[in-house]
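Enquirer: Sharing start19.txt below, compact mmCIF, C-alpha atoms:
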```
# COMPACT_ATOMS: atom_id res chain seq x y z
CA MET A 1 -14.73 -22.56 39.60
CA PRO A 2 -13.80 -22.11 35.94
CA ILE A 3 -16.54 -21.06 33.55
CA THR A 4 -17.61 -23.93 31.28
CA ILE A 5 -19.35 -24.18 27.95
CA ALA A 6 -22.41 -25.44 29.88
CA ASP A 7 -22.49 -22.17 31.87
CA VAL A 8 -22.46 -20.17 28.63
CA ALA A 9 -25.21 -22.31 27.13
CA ALA A 10 -27.42 -21.96 30.23
CA ARG A 11 -27.00 -18.17 30.41
CA ALA A 12 -27.62 -17.73 26.66
CA LYS A 13 -30.52 -20.22 26.72
CA VAL A 14 -29.06 -22.32 23.90
CA SER A 15 -27.54 -25.78 23.63
CA LYS A 16 -23.87 -26.53 24.17
CA THR A 17 -23.74 -27.51 20.49
CA THR A 18 -24.85 -24.01 19.52
CA VAL A 19 -22.15 -22.45 21.70
CA SER A 20 -19.58 -24.75 20.10
CA ARG A 21 -20.74 -23.75 16.61
CA VAL A 22 -20.34 -20.07 17.52
CA LEU A 23 -16.84 -20.68 18.86
CA ASN A 24 -15.74 -22.61 15.80
CA GLY A 25 -17.56 -20.58 13.16
CA LYS A 26 -19.31 -23.67 11.85
CA GLY A 27 -22.82 -24.11 10.50
CA GLU A 28 -25.68 -21.72 9.78
CA LEU A 29 -26.79 -19.75 12.82
CA ASP A 30 -29.27 -16.97 13.31
CA GLU A 31 -27.15 -13.83 13.72
CA SER A 32 -29.09 -12.64 16.74
CA THR A 33 -28.50 -15.99 18.46
CA ALA A 34 -24.79 -15.90 17.62
CA ALA A 35 -24.55 -12.32 18.90
CA ARG A 36 -26.28 -13.30 22.17
CA VAL A 37 -23.86 -16.20 22.68
CA ARG A 38 -20.84 -13.98 22.00
CA ALA A 39 -22.15 -11.41 24.47
CA VAL A 40 -22.51 -14.06 27.18
CA ILE A 41 -19.02 -15.39 26.44
CA GLU A 42 -17.64 -11.89 26.97
CA GLU A 43 -19.79 -11.27 30.05
CA LEU A 44 -18.71 -14.48 31.78
CA GLY A 45 -15.10 -14.27 30.61
CA TYR A 46 -15.27 -17.76 29.15
CA VAL A 47 -12.01 -19.00 27.62
CA PRO A 48 -12.49 -22.18 25.55
CA SER A 49 -10.05 -25.05 25.87
CA SER A 50 -7.58 -24.72 23.02
CA ARG A 51 -7.41 -28.50 22.79
CA ALA A 52 -11.21 -28.81 22.57
CA VAL A 53 -11.42 -26.12 19.91
CA GLY A 54 -8.55 -27.77 18.04
CA LEU A 55 -10.29 -31.12 18.02
CA ALA A 56 -13.45 -29.50 16.70
CA ARG A 57 -11.55 -27.77 13.93
CA GLY A 58 -9.29 -30.71 13.12
CA ARG A 59 -6.22 -28.71 14.12
CA THR A 60 -4.96 -26.66 17.07
CA ARG A 61 -3.92 -23.55 15.10
CA VAL A 62 -0.80 -23.63 17.26
CA VAL A 63 2.76 -24.02 15.99
CA GLY A 64 5.49 -25.37 18.25
CA MET A 65 9.00 -23.93 18.21
CA LEU A 66 12.01 -25.69 19.74
CA VAL A 67 15.20 -23.68 20.37
CA PRO A 68 18.37 -24.31 22.39
CA SER A 69 18.07 -21.22 24.60
CA LEU A 70 16.78 -17.67 24.47
CA THR A 71 20.18 -16.40 25.60
CA TRP A 72 21.57 -16.62 22.06
CA PRO A 73 21.13 -13.03 20.85
CA TRP A 74 20.21 -13.85 17.24
CA ILE A 75 17.38 -16.21 18.19
CA GLY A 76 15.16 -13.27 19.12
CA GLU A 77 15.29 -11.97 15.55
CA VAL A 78 14.37 -15.37 14.10
CA LEU A 79 11.59 -15.76 16.64
CA GLN A 80 10.15 -12.35 15.84
CA GLY A 81 10.05 -13.17 12.14
CA ALA A 82 8.14 -16.38 12.82
CA VAL A 83 5.74 -14.69 15.24
CA ASP A 84 4.97 -11.90 12.76
CA VAL A 85 3.74 -14.47 10.24
CA LEU A 86 1.93 -16.70 12.71
CA GLU A 87 0.03 -13.90 14.43
CA THR A 88 -1.02 -12.42 11.10
CA GLU A 89 -2.56 -15.78 10.20
CA ARG A 90 -4.13 -16.14 13.69
CA TYR A 91 -1.90 -18.96 14.84
CA GLY A 92 -0.45 -19.25 18.32
CA LEU A 93 3.12 -20.19 19.19
CA LEU A 94 4.15 -22.73 21.82
CA LEU A 95 7.83 -22.14 22.61
CA PHE A 96 10.18 -24.78 24.04
CA THR A 97 13.80 -24.33 25.12
CA CYS A 98 16.41 -26.89 26.17
CA ASN A 99 17.68 -24.93 29.16
CA ARG A 100 17.32 -27.98 31.43
CA GLY A 101 18.62 -30.59 29.01
CA GLU A 102 16.90 -33.97 29.18
CA GLU A 103 14.15 -32.68 31.46
CA SER A 104 13.28 -30.01 28.90
CA MET A 105 13.17 -32.61 26.14
CA ARG A 106 10.91 -34.87 28.20
CA GLN A 107 8.46 -32.01 28.66
CA PHE A 108 8.65 -31.26 24.96
CA GLY A 109 8.05 -34.93 24.12
CA ALA A 110 4.94 -34.97 26.31
CA GLN A 111 3.51 -32.05 24.32
CA VAL A 112 4.31 -33.84 21.06
CA SER A 113 2.45 -36.93 22.31
CA ALA A 114 -0.51 -34.79 23.34
CA LYS A 115 -0.62 -33.29 19.81
CA SER A 116 -0.53 -29.81 21.31
CA PHE A 117 0.56 -28.21 18.02
CA ASP A 118 0.07 -28.73 14.30
CA GLY A 119 3.69 -28.42 13.21
CA LEU A 120 7.15 -27.55 14.50
CA LEU A 121 9.79 -24.92 13.79
CA VAL A 122 13.26 -25.88 15.06
CA ILE A 123 16.52 -24.13 15.74
CA GLU A 124 18.27 -27.38 16.52
CA PRO A 125 19.37 -27.91 20.12
CA GLU A 126 22.63 -29.83 19.98
CA GLY A 127 22.21 -33.59 19.79
CA THR A 128 18.51 -33.58 18.93
CA LEU A 129 18.62 -33.88 15.14
CA ASP A 130 17.93 -37.63 15.00
CA TYR A 131 14.99 -37.23 17.36
CA ILE A 132 13.57 -34.34 15.31
CA ALA A 133 14.06 -36.31 12.09
CA GLY A 134 12.17 -39.21 13.66
CA LEU A 135 9.22 -36.95 14.56
CA HIS A 136 9.16 -35.68 10.99
CA ALA A 137 9.32 -39.20 9.56
CA ARG A 138 6.34 -40.20 11.74
CA GLY A 139 4.21 -37.41 10.31
CA LEU A 140 4.86 -34.24 12.30
CA PRO A 141 5.49 -31.35 9.87
CA VAL A 142 8.90 -29.88 10.76
CA VAL A 143 10.94 -26.99 9.33
CA LEU A 144 14.50 -26.36 10.53
CA ILE A 145 15.90 -22.84 10.74
CA ASP A 146 19.66 -22.23 10.33
CA ASP A 147 20.26 -25.92 9.81
CA ARG A 148 23.67 -27.34 10.66
CA ASP A 149 24.53 -29.13 7.44
CA VAL A 150 21.35 -31.22 7.26
CA GLN A 151 21.25 -33.55 4.27
CA PRO A 152 18.91 -32.31 1.51
CA GLY A 153 15.56 -34.06 1.66
CA GLN A 154 15.98 -35.21 5.27
CA ILE A 155 14.07 -32.35 6.91
CA PRO A 156 12.79 -29.16 5.22
CA SER A 157 15.00 -26.24 6.21
CA VAL A 158 15.62 -22.53 5.83
CA GLY A 159 19.21 -21.32 5.89
CA THR A 160 21.56 -18.69 4.54
CA THR A 161 24.71 -18.52 2.42
CA ASN A 162 27.46 -19.03 4.98
CA PHE A 163 30.15 -19.82 2.40
CA THR A 164 29.52 -16.82 0.15
CA GLY A 165 28.83 -14.54 3.10
CA ALA A 166 32.24 -15.32 4.56
CA GLY A 167 33.73 -14.88 1.11
CA SER A 168 32.34 -11.36 0.96
CA ALA A 169 34.08 -10.58 4.25
CA ALA A 170 37.37 -11.84 2.81
CA ARG A 171 37.01 -9.80 -0.36
CA HIS A 172 36.25 -6.70 1.71
CA LEU A 173 39.39 -7.14 3.81
CA LEU A 174 41.57 -7.97 0.82
CA GLY A 175 40.28 -4.84 -0.90
CA LEU A 176 41.51 -2.85 2.10
CA GLY A 177 44.95 -4.44 1.80
CA ARG A 178 44.57 -6.66 4.86
CA THR A 179 46.56 -9.78 4.02
CA LYS A 180 47.27 -11.28 7.47
CA PRO A 181 43.95 -12.00 9.16
CA LEU A 182 43.20 -14.00 12.26
CA VAL A 183 40.05 -16.12 12.13
CA VAL A 184 38.16 -16.90 15.34
CA ALA A 185 35.99 -19.84 14.34
CA GLY A 186 32.80 -21.32 15.76
CA PRO A 187 32.48 -24.89 17.07
CA GLU A 188 33.98 -27.35 14.56
CA ARG A 189 30.93 -29.66 14.69
CA PHE A 190 28.62 -27.03 13.20
CA GLY A 191 28.11 -26.97 9.45
CA CYS A 192 27.98 -23.17 9.44
CA THR A 193 31.47 -23.03 10.99
CA VAL A 194 32.92 -25.22 8.24
CA GLN A 195 31.20 -23.18 5.53
CA ARG A 196 32.31 -19.82 6.94
CA LEU A 197 35.89 -20.97 7.32
CA GLU A 198 36.02 -22.44 3.81
CA GLY A 199 34.42 -19.40 2.21
CA PHE A 200 36.86 -17.01 3.86
CA ALA A 201 39.97 -19.14 3.37
CA THR A 202 39.17 -19.81 -0.29
CA GLU A 203 39.18 -16.11 -1.15
CA TYR A 204 42.50 -15.55 0.61
CA ALA A 205 44.12 -18.57 -1.02
CA GLU A 206 42.98 -17.50 -4.47
CA ALA A 207 44.40 -14.02 -3.82
CA GLY A 208 47.79 -15.56 -3.01
CA HIS A 209 47.57 -15.17 0.77
CA PRO A 210 46.73 -18.59 2.24
CA ILE A 211 45.84 -18.42 5.91
CA PRO A 212 48.32 -20.27 8.16
CA ALA A 213 46.78 -22.91 10.41
CA GLU A 214 48.00 -21.07 13.52
CA HIS A 215 45.94 -18.05 12.46
CA VAL A 216 42.69 -20.04 12.76
CA LEU A 217 41.67 -19.92 16.42
CA PRO A 218 39.10 -22.22 18.02
CA GLY A 219 35.95 -20.60 19.35
CA ASP A 220 32.48 -21.22 20.69
CA PHE A 221 30.53 -18.15 19.52
CA THR A 222 31.02 -16.30 22.84
CA ILE A 223 32.56 -12.91 23.67
CA ASP A 224 35.15 -14.64 25.85
CA CYS A 225 36.52 -16.83 23.06
CA GLY A 226 37.14 -13.77 20.88
CA PHE A 227 38.82 -11.89 23.70
CA GLU A 228 40.94 -14.80 24.89
CA GLY A 229 41.82 -16.06 21.42
CA VAL A 230 43.12 -12.71 20.21
CA ASN A 231 45.02 -12.14 23.47
CA ALA A 232 46.67 -15.53 23.03
CA ALA A 233 47.69 -14.61 19.47
CA ILE A 234 49.14 -11.34 20.69
CA ASP A 235 51.06 -13.09 23.49
CA ALA A 236 52.42 -15.60 20.94
CA GLY A 237 53.75 -12.75 18.82
CA ARG A 238 51.62 -13.49 15.76
CA GLU A 239 51.40 -10.64 13.29
CA PHE A 240 47.91 -9.81 12.06
CA ASP A 241 46.14 -6.84 10.53
CA ALA A 242 42.55 -8.10 10.64
CA VAL A 243 40.22 -10.40 12.55
CA PHE A 244 37.30 -12.29 11.02
CA ALA A 245 35.08 -13.73 13.76
CA HIS A 246 32.39 -16.29 13.02
CA ASN A 247 29.77 -14.32 14.90
CA ASP A 248 29.31 -10.81 16.24
CA LEU A 249 29.72 -11.65 19.93
CA THR A 250 33.11 -13.18 19.20
CA ALA A 251 34.01 -10.15 17.10
CA ALA A 252 33.13 -7.84 20.00
CA GLY A 253 35.45 -9.80 22.29
CA ALA A 254 38.21 -9.72 19.69
CA MET A 255 37.80 -5.97 19.29
CA GLN A 256 38.19 -5.43 23.02
CA ALA A 257 41.37 -7.51 23.10
CA VAL A 258 42.85 -5.51 20.21
CA LEU A 259 42.00 -2.19 21.87
CA ASP A 260 43.33 -3.33 25.25
CA SER A 261 46.65 -4.18 23.60
CA GLY A 262 47.07 -0.55 22.54
CA ARG A 263 46.30 -1.21 18.88
CA ARG A 264 43.73 0.89 17.04
CA VAL A 265 40.59 -0.32 15.28
CA PRO A 266 40.52 -0.11 12.31
CA GLN A 267 43.82 1.67 11.66
CA ASP A 268 45.97 -1.18 12.96
CA VAL A 269 43.51 -4.08 12.94
CA ALA A 270 40.24 -4.32 11.01
CA ILE A 271 37.46 -6.34 12.65
CA VAL A 272 34.63 -8.19 10.83
CA GLY A 273 31.89 -10.34 12.36
CA PHE A 274 28.98 -12.45 11.16
CA ASP A 275 25.23 -12.20 11.95
CA ASP A 276 24.55 -8.43 12.23
CA ILE A 277 22.73 -8.67 15.53
CA PRO A 278 21.55 -5.32 17.01
CA LEU A 279 24.73 -5.07 19.09
CA ALA A 280 26.85 -4.79 15.94
CA ALA A 281 25.75 -1.24 15.15
CA HIS A 282 26.53 -0.10 18.71
CA THR A 283 30.06 -1.37 19.41
CA GLN A 284 32.82 1.22 19.45
CA PRO A 285 33.61 1.51 16.62
CA PRO A 286 30.49 0.03 14.98
CA LEU A 287 31.10 -3.47 13.68
CA THR A 288 31.46 -4.42 10.04
CA THR A 289 29.68 -7.75 9.63
CA VAL A 290 27.99 -10.23 7.34
CA HIS A 291 24.25 -9.67 7.64
CA GLN A 292 22.48 -12.96 8.23
CA PRO A 293 18.78 -12.54 7.26
CA LEU A 294 17.56 -13.77 10.64
CA ARG A 295 14.07 -12.30 10.69
CA GLU A 296 13.50 -13.27 7.07
CA MET A 297 14.53 -16.84 7.88
CA GLY A 298 11.96 -17.03 10.66
CA GLU A 299 9.30 -15.60 8.36
CA ALA A 300 10.12 -18.04 5.56
CA ALA A 301 10.07 -21.06 7.87
CA ALA A 302 6.69 -20.08 9.31
CA ARG A 303 5.22 -19.48 5.84
CA THR A 304 6.49 -22.86 4.68
CA LEU A 305 4.74 -24.58 7.57
CA LEU A 306 1.47 -22.67 7.13
CA ALA A 307 1.44 -23.37 3.39
CA HIS A 308 1.78 -27.05 4.20
CA PHE A 309 -1.25 -26.86 6.48
CA GLU A 310 -3.18 -25.54 3.47
CA GLY A 311 -2.14 -28.45 1.28
CA SER A 312 1.25 -27.55 -0.19
CA PRO A 313 3.94 -30.24 0.08
CA LEU A 314 6.95 -29.43 2.24
CA PRO A 315 10.00 -28.65 0.05
CA ASN A 316 12.56 -31.43 -0.38
CA ARG A 317 15.48 -29.03 -0.65
CA PRO A 318 16.65 -26.20 1.60
CA THR A 319 15.24 -22.69 1.21
CA VAL A 320 18.27 -20.40 1.06
CA ILE A 321 18.09 -16.67 1.77
CA PRO A 322 21.34 -14.92 0.78
CA ALA A 323 23.50 -13.20 3.37
CA THR A 324 24.58 -9.65 2.59
CA PHE A 325 27.51 -7.51 3.70
CA THR A 326 27.28 -4.52 6.04
CA ALA A 327 30.37 -2.32 6.13
CA ARG A 328 30.90 -0.13 9.21
CA ALA A 329 33.74 1.67 10.93
CA SER A 330 35.50 -1.34 12.48
CA SER A 331 37.06 -2.10 9.11
CA GLY A 332 37.60 1.50 8.09
CA ALA A 333 34.59 1.54 5.80
CA GLU A 334 33.10 4.73 7.27
```
Render the structure in this file as structure tokens.

Expert:
Amino acid sequence: MPITIADVAARAKVSKTTVSRVLNGKGELDESTAARVRAVIEELGYVPSSRAVGLARGRTRVVGMLVPSLTWPWIGEVLQGAVDVLETERYGLLLFTCNRGEESMRQFGAQVSAKSFDGLLVIEPEGTLDYIAGLHARGLPVVLIDDRDVQPGQIPSVGTTNFTGAGSAARHLLGLGRTKPLVVAGPERFGCTVQRLEGFATEYAEAGHPIPAEHVLPGDFTIDCGFEGVNAAIDAGREFDAVFAHNDLTAAGAMQAVLDSGRRVPQDVAIVGFDDIPLAAHTQPPLTTVHQPLREMGEAAARTLLAHFEGSPLPNRPTVIPATFTARASSGAE
């Protein structure tokens, strides 16, 4: 049978109210009594109900986090940033994924209804934005991370500079004399894809080298789309001296296709990605990429939520952490 608060009270020879006050740090207690209760708690291995403790405190001291899947390699960095902040402030994290689609969202909705957490961090699973916005409108504090073109003021968010980050990749390649790039894009429906494409194309157009439409290849942020897209361009006889991929996985696939064709990286084709996930430093050659401040974004989102719990209003405009550029050997920078 599980140990209950009544068992602790009986062993310590105090009331259940006294045990509750020790657990919650409330009220004036004789230190010897509090020490005796804590000793019994440890002796019996009593674990209080998080929900009961939360009700007593007026909050759960748990933050929920909703993500599409843990298979996306950059999510781990964002998650670690959030966890670093939450654990430091003695908050727990309740993590939800959408691996099973509607079933996952039903389970998540049940936890929302049960008020299992005080606020929510979200890396938006596709198609859930209206639902998340509705939760926020009904009073659940929500902060989006890496928002997909959310309207300012709709939901507080933390993002990065996709447009200028992609522009820095273009300027780097132009500075190396690469005037005929292929672009392997992300999904068209994502705001970050639009921003990265516009930022890159703008720099090339202003330099007098507009990118032909046939040099912009569709993609889905996977290794396969980079590999297959570049192979298709090679088979079609398109001339190119660089590849800008909208994420690092796609860049890795593009690099493999270039190398398999007998071309050299970077001598014949320079490769640039976006994200700077851990893999980027370990491709052969190491990948030049736009560094997305993933861990910092997770940290900032968690701090925003915790500050709100302490009385600060949630911001009505996005928090933007600038992307930076990391030059490595895949573009000839080393």

Enquirer: Can you measure CA of Val258 in chain A to CA of Thr202 in chain A for me? One decimal in Å is fine.

Expert: 25.3 Å

Enquirer: Looking at A:Leu120, A:Leu135, A:Ala207, A:Leu217, which one is nearest to Ala302 in chain A, with distances taken over all atoms listed in the file?

Expert: A:Leu120

Enquirer: Just give me the gap between CA of Gly167 in chain A and CA of Phe325 in chain A in Å, one decimal is fine.

Expert: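 These two atoms are separated by 10.0 Å.
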
Enquirer: If you measure from CA of Lys180 in chain A to CA of Asp260 in chain A, what distance in Å do you get, rounded to one decimal?

Expert: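 Going from CA of Lys180 in chain A over to CA of Asp260 in chain A covers 19.9 Å.
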
Enquirer: Sorted by chain and rising residue number, which residues of range 36-141 of chain A lie within 10 Å of range 235-250 of chain A, and what are their closest atom pairs and distances in Å to one decimal, counting all atoms listed in the file, as a tab-separated table?

Expert:
```
residue	atom	partner	partner_atom	distance
A:Trp72	CA	A:Leu249	CA	9.8
A:Pro73	CA	A:Leu249	CA	8.7
A:Trp74	CA	A:Asp248	CA	9.6
```

Enquirer: Determine the nearest neighbour of Ala257 in chain A from the options A:Gly273, A:Pro322, A:Gly226, A:Pro286, counting only C-alpha atoms.

Expert: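 Checking each of A:Gly273, A:Pro322, A:Gly226, A:Pro286 against Ala257 in chain A, counting only C-alpha atoms, the winner is A:Gly226.
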
Enquirer: Using only C-alpha atoms, pick whichever of A:Met297, A:Ala201, A:Leu259, A:Val184 has the shortest atom-to-atom distance to Cys225 in chain A.

Expert: A:Val184

Enquirer: Output range 293-304 of chain A from the block with all heavy atoms, as a PDB file, in the first residue's frame?

Expert:
```
ATOM      1  N   PRO A 293      20.145  30.154 -32.194  1.00  0.00           N
ATOM      2  CA  PRO A 293      20.428  30.096 -30.751  1.00  0.00           C
ATOM      3  C   PRO A 293      19.403  29.233 -30.016  1.00  0.00           C
ATOM      4  O   PRO A 293      18.588  29.707 -29.221  1.00  0.00           O
ATOM      5  CB  PRO A 293      20.333  31.567 -30.335  1.00  0.00           C
ATOM      6  CG  PRO A 293      19.343  32.164 -31.288  1.00  0.00           C
ATOM      7  CD  PRO A 293      19.573  31.451 -32.601  1.00  0.00           C
ATOM      8  N   LEU A 294      19.442  27.935 -30.276  1.00  0.00           N
ATOM      9  CA  LEU A 294      18.393  27.025 -29.828  1.00  0.00           C
ATOM     10  C   LEU A 294      18.297  26.951 -28.306  1.00  0.00           C
ATOM     11  O   LEU A 294      17.213  27.069 -27.728  1.00  0.00           O
ATOM     12  CB  LEU A 294      18.639  25.639 -30.420  1.00  0.00           C
ATOM     13  CG  LEU A 294      18.653  25.587 -31.957  1.00  0.00           C
ATOM     14  CD1 LEU A 294      19.172  24.241 -32.447  1.00  0.00           C
ATOM     15  CD2 LEU A 294      17.251  25.840 -32.502  1.00  0.00           C
ATOM     16  N   ARG A 295      19.424  26.728 -27.651  1.00  0.00           N
ATOM     17  CA  ARG A 295      19.382  26.614 -26.191  1.00  0.00           C
ATOM     18  C   ARG A 295      18.964  27.942 -25.568  1.00  0.00           C
ATOM     19  O   ARG A 295      18.176  27.970 -24.612  1.00  0.00           O
ATOM     20  CB  ARG A 295      20.744  26.171 -25.653  1.00  0.00           C
ATOM     21  CG  ARG A 295      20.713  25.863 -24.166  1.00  0.00           C
ATOM     22  CD  ARG A 295      21.954  25.140 -23.686  1.00  0.00           C
ATOM     23  NE  ARG A 295      22.115  23.840 -24.305  1.00  0.00           N
ATOM     24  CZ  ARG A 295      22.814  22.840 -23.767  1.00  0.00           C
ATOM     25  NH1 ARG A 295      23.409  22.992 -22.598  1.00  0.00           N
ATOM     26  NH2 ARG A 295      22.936  21.679 -24.386  1.00  0.00           N
ATOM     27  N   GLU A 296      19.470  29.032 -26.116  1.00  0.00           N
ATOM     28  CA  GLU A 296      19.110  30.351 -25.591  1.00  0.00           C
ATOM     29  C   GLU A 296      17.620  30.629 -25.760  1.00  0.00           C
ATOM     30  O   GLU A 296      16.999  31.283 -24.925  1.00  0.00           O
ATOM     31  CB  GLU A 296      19.926  31.435 -26.292  1.00  0.00           C
ATOM     32  CG  GLU A 296      21.421  31.376 -26.012  1.00  0.00           C
ATOM     33  CD  GLU A 296      22.183  30.520 -27.003  1.00  0.00           C
ATOM     34  OE1 GLU A 296      21.562  29.619 -27.620  1.00  0.00           O
ATOM     35  OE2 GLU A 296      23.399  30.729 -27.162  1.00  0.00           O
ATOM     36  N   MET A 297      17.030  30.133 -26.848  1.00  0.00           N
ATOM     37  CA  MET A 297      15.601  30.318 -27.068  1.00  0.00           C
ATOM     38  C   MET A 297      14.781  29.563 -26.017  1.00  0.00           C
ATOM     39  O   MET A 297      13.793  30.072 -25.487  1.00  0.00           O
ATOM     40  CB  MET A 297      15.231  29.871 -28.486  1.00  0.00           C
ATOM     41  CG  MET A 297      15.745  30.818 -29.568  1.00  0.00           C
ATOM     42  SD  MET A 297      15.860  30.047 -31.202  1.00  0.00           S
ATOM     43  CE  MET A 297      14.152  29.681 -31.555  1.00  0.00           C
ATOM     44  N   GLY A 298      15.203  28.339 -25.700  1.00  0.00           N
ATOM     45  CA  GLY A 298      14.534  27.591 -24.646  1.00  0.00           C
ATOM     46  C   GLY A 298      14.657  28.273 -23.300  1.00  0.00           C
ATOM     47  O   GLY A 298      13.688  28.350 -22.530  1.00  0.00           O
ATOM     48  N   GLU A 299      15.853  28.795 -23.013  1.00  0.00           N
ATOM     49  CA  GLU A 299      16.068  29.502 -21.746  1.00  0.00           C
ATOM     50  C   GLU A 299      15.180  30.739 -21.658  1.00  0.00           C
ATOM     51  O   GLU A 299      14.533  30.992 -20.637  1.00  0.00           O
ATOM     52  CB  GLU A 299      17.537  29.915 -21.626  1.00  0.00           C
ATOM     53  CG  GLU A 299      18.506  28.759 -21.452  1.00  0.00           C
ATOM     54  CD  GLU A 299      19.958  29.209 -21.516  1.00  0.00           C
ATOM     55  OE1 GLU A 299      20.204  30.386 -21.890  1.00  0.00           O
ATOM     56  OE2 GLU A 299      20.837  28.389 -21.221  1.00  0.00           O
ATOM     57  N   ALA A 300      15.143  31.518 -22.742  1.00  0.00           N
ATOM     58  CA  ALA A 300      14.370  32.765 -22.738  1.00  0.00           C
ATOM     59  C   ALA A 300      12.888  32.495 -22.576  1.00  0.00           C
ATOM     60  O   ALA A 300      12.181  33.214 -21.849  1.00  0.00           O
ATOM     61  CB  ALA A 300      14.639  33.543 -24.027  1.00  0.00           C
ATOM     62  N   ALA A 301      12.386  31.457 -23.241  1.00  0.00           N
ATOM     63  CA  ALA A 301      10.965  31.130 -23.131  1.00  0.00           C
ATOM     64  C   ALA A 301      10.614  30.720 -21.704  1.00  0.00           C
ATOM     65  O   ALA A 301       9.592  31.141 -21.150  1.00  0.00           O
ATOM     66  CB  ALA A 301      10.609  30.014 -24.105  1.00  0.00           C
ATOM     67  N   ALA A 302      11.463  29.892 -21.096  1.00  0.00           N
ATOM     68  CA  ALA A 302      11.200  29.461 -19.717  1.00  0.00           C
ATOM     69  C   ALA A 302      11.256  30.639 -18.760  1.00  0.00           C
ATOM     70  O   ALA A 302      10.406  30.767 -17.860  1.00  0.00           O
ATOM     71  CB  ALA A 302      12.213  28.392 -19.311  1.00  0.00           C
ATOM     72  N   ARG A 303      12.221  31.532 -18.928  1.00  0.00           N
ATOM     73  CA  ARG A 303      12.318  32.710 -18.046  1.00  0.00           C
ATOM     74  C   ARG A 303      11.096  33.607 -18.203  1.00  0.00           C
ATOM     75  O   ARG A 303      10.608  34.181 -17.220  1.00  0.00           O
ATOM     76  CB  ARG A 303      13.590  33.495 -18.362  1.00  0.00           C
ATOM     77  CG  ARG A 303      14.869  32.823 -17.915  1.00  0.00           C
ATOM     78  CD  ARG A 303      16.029  33.803 -17.880  1.00  0.00           C
ATOM     79  NE  ARG A 303      17.277  33.114 -17.629  1.00  0.00           N
ATOM     80  CZ  ARG A 303      18.153  32.758 -18.570  1.00  0.00           C
ATOM     81  NH1 ARG A 303      17.904  33.066 -19.834  1.00  0.00           N
ATOM     82  NH2 ARG A 303      19.265  32.119 -18.259  1.00  0.00           N
ATOM     83  N   THR A 304      10.615  33.743 -19.430  1.00  0.00           N
ATOM     84  CA  THR A 304       9.424  34.565 -19.660  1.00  0.00           C
ATOM     85  C   THR A 304       8.226  34.008 -18.895  1.00  0.00           C
ATOM     86  O   THR A 304       7.470  34.755 -18.264  1.00  0.00           O
ATOM     87  CB  THR A 304       9.105  34.613 -21.169  1.00  0.00           C
ATOM     88  OG1 THR A 304      10.196  35.230 -21.865  1.00  0.00           O
ATOM     89  CG2 THR A 304       7.839  35.398 -21.444  1.00  0.00           C
TER      90      THR A 304
END
```
